[in-house]
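Following: one structure in structure tokens, then a few remarks.
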Amino acid sequence: MVTKVFYWVSTALLTLIMLFSVYNYFFNHEAIAGFYESMGYPTYLIYPLAIAKISGLVAVWGNFSKSLKEWAYAGFFYNAVLAFFAHYMVNDGQHMGAVIAFFAVLGSYFLGKKVRP
């Protein structure tokens with residue numbers, strides 16, 4: 001029972017973080033583009049990354065295919081790790097969101113394997 005609760009909490013937290021990110025990518029594009037430029041990333045990655053995050057959430061929540069779900073979690077994992085190091089290296093103090101996303105990904109992934117074998 002406790003495992004199931006932690007699974008749903010971590011999955012919901014992961015979803016909220018990704019949806020917040022997607023919202024900002026689409027509706028606060030100029031500010032996000034400024035952040036990307038300050039970190040040395042090309043701004044043309046913003047929209048494809050937003051679409052990839054939405055697609056990953058659909059794969060996780062839809063549970064259509066086990067391998068598709070694994071790829072979605074892998075994408076979220078790499079996104080969180082790379083976001084952490086990007087924020088940490090430019091020292092903008094925004095790296096804690098990536099840390100929370102990292103643990104939400106791990107919690108959702110591993111607890112999901114225990115909840116749904």
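Naming scheme: A, B, ... for chains in displayed order of the structure tokens; residues 1 onward per chain; ligands 1 onward as shown.
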Set the distance at 6 Å and use only C-alpha atoms: which residues neighbour Ala98 in chain A once local chain neighbours fewer than 5 positions away are removed? I'd like the list as a ChimeraX atom specification. /A:80,83-84
Point-to-point distance in Å for CA of Ala104 in chain A and CA of Thr11 in chain A: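 Rounded to one decimal, the two atoms are 6.6 Å apart.
The protein and nucleic acid residues lying at most 7 Å from Met39 in chain A are Phe35, Tyr36, Glu37, Tyr41, Ala86 and Val90 of chain A, with only C-alpha atoms considered and sequence neighbours fewer than 2 positions away removed.
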Might you pull out every residue within 12 Å of range 15-19 of chain A, with only C-alpha atoms counted and same-chain residues fewer than 6 positions away left off, and present them as a VMD selection string? chain A and resid 8 to 9 25 to 27 49 to 61 72 to 73 75 to 77 79 to 80 96 to 105 108
Separation of CA of Ala33 in chain A and CA of Ile46 in chain A, in Å?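 The value is 7.5 Å.
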Taking the chain letters and numbering used in this document, name the residues of chain A that DSSP puts in alpha helix (DSSP H), as a count of residues only. 99
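When only C-alpha atoms are used to compute distances to Val115 in chain A, the closest of the residues A:Phe6, A:Trp71, A:Phe85, A:Asp92 turns out to be A:Phe6.
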Measuring between only C-alpha atoms, which one of A:Gly112, A:Tyr47, A:Gln94, A:Phe64 shows the shortest distance to Asn28 in chain A? A:Tyr47
Please measure the separation of CA of Pro48 in chain A and CA of Leu68 in chain A, giving the value in Å to one decimal.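 About the pair CA of Pro48 in chain A and CA of Leu68 in chain A: they are 17.8 Å apart.
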With distances taken over only C-alpha atoms, which residue among A:Leu106, A:Val22, A:Ala31, A:Leu111 lies nearest Val81 in chain A? A:Leu106
